$ cat start24.cif   # mmCIF, C-alpha atoms; chains and numbers go by the auth columns
data_model
loop_
_atom_site.group_PDB
_atom_site.id
_atom_site.type_symbol
_atom_site.label_atom_id
_atom_site.label_comp_id
_atom_site.label_asym_id
_atom_site.label_seq_id
_atom_site.Cartn_x
_atom_site.Cartn_y
_atom_site.Cartn_z
_atom_site.B_iso_or_equiv
_atom_site.auth_seq_id
_atom_site.auth_asym_id
ATOM 1 C CA MET A 1 129.911 197.608 102.831 0.00 78 F
ATOM 2 C CA VAL A 2 131.736 195.872 99.990 0.00 79 F
ATOM 3 C CA VAL A 3 134.747 198.195 100.300 0.00 80 F
ATOM 4 C CA PHE A 4 134.806 197.740 104.083 0.00 81 F
ATOM 5 C CA SER A 5 134.681 193.944 103.737 0.00 82 F
ATOM 6 C CA ALA A 6 137.434 193.940 101.125 0.00 83 F
ATOM 7 C CA LEU A 7 139.691 196.106 103.289 0.00 84 F
ATOM 8 C CA LEU A 8 138.941 194.044 106.388 0.00 85 F
ATOM 9 C CA ILE A 9 139.775 190.792 104.616 0.00 86 F
ATOM 10 C CA SER A 10 142.953 192.311 103.143 0.00 87 F
ATOM 11 C CA CYS A 11 144.175 193.623 106.502 0.00 88 F
ATOM 12 C CA THR A 12 143.293 190.364 108.237 0.00 89 F
ATOM 13 C CA ALA A 13 145.151 188.329 105.631 0.00 90 F
ATOM 14 C CA TYR A 14 148.199 190.583 105.959 0.00 91 F
ATOM 15 C CA ALA A 15 148.141 190.367 109.762 0.00 92 F
ATOM 16 C CA LEU A 16 147.783 186.586 109.668 0.00 93 F
ATOM 17 C CA ARG A 17 150.656 186.283 107.221 0.00 94 F
ATOM 18 C CA ARG A 18 153.123 188.820 108.619 0.00 95 F
ATOM 19 C CA GLY A 19 152.039 189.578 112.186 0.00 96 F
ATOM 20 C CA GLY A 20 152.947 188.118 115.520 0.00 97 F
ATOM 21 C CA PRO A 21 150.482 186.508 117.912 0.00 98 F
ATOM 22 C CA PRO A 22 148.885 189.788 119.124 0.00 99 F
ATOM 23 C CA GLU A 23 148.381 190.993 115.553 0.00 100 F
ATOM 24 C CA LYS A 24 146.826 187.701 114.511 0.00 101 F
ATOM 25 C CA VAL A 25 144.451 187.609 117.463 0.00 102 F
ATOM 26 C CA THR A 26 143.425 191.232 116.937 0.00 103 F
ATOM 27 C CA ALA A 27 142.780 190.694 113.240 0.00 104 F
ATOM 28 C CA ILE A 28 140.600 187.688 113.973 0.00 105 F
ATOM 29 C CA LEU A 29 138.747 189.547 116.739 0.00 106 F
ATOM 30 C CA PHE A 30 137.978 192.520 114.500 0.00 107 F
ATOM 31 C CA THR A 31 136.852 190.269 111.667 0.00 108 F
ATOM 32 C CA LEU A 32 134.578 188.233 113.917 0.00 109 F
ATOM 33 C CA GLY A 33 133.281 191.397 115.574 0.00 110 F
ATOM 34 C CA ALA A 34 132.417 193.000 112.258 0.00 111 F
ATOM 35 C CA TYR A 35 130.561 189.996 110.921 0.00 112 F
ATOM 36 C CA TYR A 36 128.763 189.197 114.187 0.00 113 F
ATOM 37 C CA THR A 37 127.641 192.820 114.349 0.00 114 F
ATOM 38 C CA VAL A 38 126.107 192.570 110.887 0.00 115 F
ATOM 39 C CA ALA A 39 124.461 189.280 111.851 0.00 116 F
ATOM 40 C CA ALA A 40 123.101 190.786 115.069 0.00 117 F
ATOM 41 C CA LEU A 41 121.468 193.795 113.409 0.00 118 F
ATOM 42 C CA SER A 42 117.714 193.686 113.669 0.00 119 F
ATOM 43 C CA GLU A 43 115.480 194.673 110.777 0.00 120 F
ATOM 44 C CA SER A 44 112.468 195.404 112.968 0.00 121 F
ATOM 45 C CA ILE A 45 114.042 198.038 115.221 0.00 122 F
ATOM 46 C CA PRO A 46 114.283 201.538 113.761 0.00 123 F
ATOM 47 C CA ARG A 47 117.905 202.599 113.700 0.00 124 F
ATOM 48 C CA PHE A 48 119.142 205.034 116.353 0.00 125 F
ATOM 49 C CA ARG A 49 115.880 204.973 118.343 0.00 126 F
ATOM 50 C CA SER A 50 116.840 202.323 120.855 0.00 127 F
ATOM 51 C CA VAL A 51 119.781 200.210 121.908 0.00 128 F
ATOM 52 C CA GLU A 52 120.224 197.029 119.920 0.00 129 F
ATOM 53 C CA VAL A 53 121.117 194.654 122.717 0.00 130 F
ATOM 54 C CA GLU A 54 122.639 192.005 120.442 0.00 131 F
ATOM 55 C CA VAL A 55 125.060 194.531 118.926 0.00 132 F
ATOM 56 C CA LEU A 56 125.897 195.822 122.403 0.00 133 F
ATOM 57 C CA ILE A 57 126.733 192.278 123.510 0.00 134 F
ATOM 58 C CA VAL A 58 129.026 191.776 120.513 0.00 135 F
ATOM 59 C CA ASP A 59 130.793 195.057 121.298 0.00 136 F
ATOM 60 C CA LEU A 60 131.177 194.161 124.976 0.00 137 F
ATOM 61 C CA PHE A 61 132.702 190.777 124.108 0.00 138 F
ATOM 62 C CA LEU A 62 135.097 192.518 121.720 0.00 139 F
ATOM 63 C CA LEU A 63 136.016 195.050 124.421 0.00 140 F
ATOM 64 C CA VAL A 64 136.723 192.330 126.978 0.00 141 F
ATOM 65 C CA ALA A 65 138.827 190.373 124.491 0.00 142 F
ATOM 66 C CA LEU A 66 140.846 193.450 123.481 0.00 143 F
ATOM 67 C CA VAL A 67 141.466 194.458 127.102 0.00 144 F
ATOM 68 C CA ALA A 68 142.655 190.927 127.866 0.00 145 F
ATOM 69 C CA LEU A 69 144.915 191.061 124.827 0.00 146 F
ATOM 70 C CA ALA A 70 146.317 194.455 125.846 0.00 147 F
ATOM 71 C CA LEU A 71 147.104 193.194 129.335 0.00 148 F
ATOM 72 C CA ARG A 72 148.959 190.127 128.042 0.00 149 F
ATOM 73 C CA ALA A 73 150.651 191.484 124.914 0.00 150 F
ATOM 74 C CA ASP A 74 154.324 192.387 124.940 0.00 151 F
ATOM 75 C CA ARG A 75 153.656 195.343 122.656 0.00 152 F
ATOM 76 C CA PHE A 76 152.517 198.904 123.299 0.00 153 F
ATOM 77 C CA TRP A 77 149.948 199.373 120.491 0.00 154 F
ATOM 78 C CA PRO A 78 147.162 197.142 121.961 0.00 155 F
ATOM 79 C CA LEU A 79 146.690 199.699 124.731 0.00 156 F
ATOM 80 C CA TRP A 80 145.525 202.209 122.101 0.00 157 F
ATOM 81 C CA VAL A 81 143.131 199.772 120.450 0.00 158 F
#

$ encode --input "start24.cif" --output "structure tokens"
Amino acid sequence: MVVFSALLISCTAYALRRGGPPEKVTAILFTLGAYYTVAALSESIPRFRSVEVEVLIVDLFLLVALVALALRADRFWPLWV
């Protein structure tokens, strides 16, 4: 988790410094999505036995935001994200 967080922060910082508006928004969305997912994880539910609704909600919000970004961006790569 430490390596993932370090890489996420590094990539986000690079995108915020060197990227255009779509890159900046995507970097922020992925960072928020990663940290809200960790915050939404439940300790009481055994992993992989049931759907964690809070994590599903975070993922659905991220999906909606990325689709909206892909529809408005003037670049091709958001369609693949």

$ resolve_selection --input "start24.cif" --expression "the PyMOL selection byres ((chain F and resi 89-101) around 9)" --output "list in words"
Leu84, Leu85, Ile86, Ser87, Cys88, Val102, Thr103, Ala104, Ile105, Leu106, Phe107, Thr108, Leu146, Ala147, Arg149, Ala150, Asp151, Arg152 and Pro155 of chain F

$ atom_distance --input "start24.cif" --atom1 "CA of Val158 in chain F" --atom2 "CA of Phe81 in chain F"
18.5 Å

$ atom_distance --input "start24.cif" --atom1 "CA of Arg124 in chain F" --atom2 "CA of Ala142 in chain F"
26.5 Å

$ residues_around --input "start24.cif" --residues "range 110-112 of chain F" --least-positions-apart "6" --cutoff "8 Å" --atoms "all atoms listed in the file" --output "PDB file with C-alpha atoms, keeping the file's coordinate frame"
ATOM      1  CA  VAL F 135     129.026 191.776 120.513  1.00  0.00           C
ATOM      2  CA  ASP F 136     130.793 195.057 121.298  1.00  0.00           C
ATOM      3  CA  LEU F 139     135.097 192.518 121.720  1.00  0.00           C
TER       4      LEU F 139
END

$ atom_distance --input "start24.cif" --atom1 "CA of Leu118 in chain F" --atom2 "CA of Leu140 in chain F"
18.3 Å

$ residues_around --input "start24.cif" --residues "Glu129 in chain F" --least-positions-apart "3" --cutoff "12 Å" --atoms "only C-alpha atoms" --output "number ranges by chain"
F: 114-126, 132-136
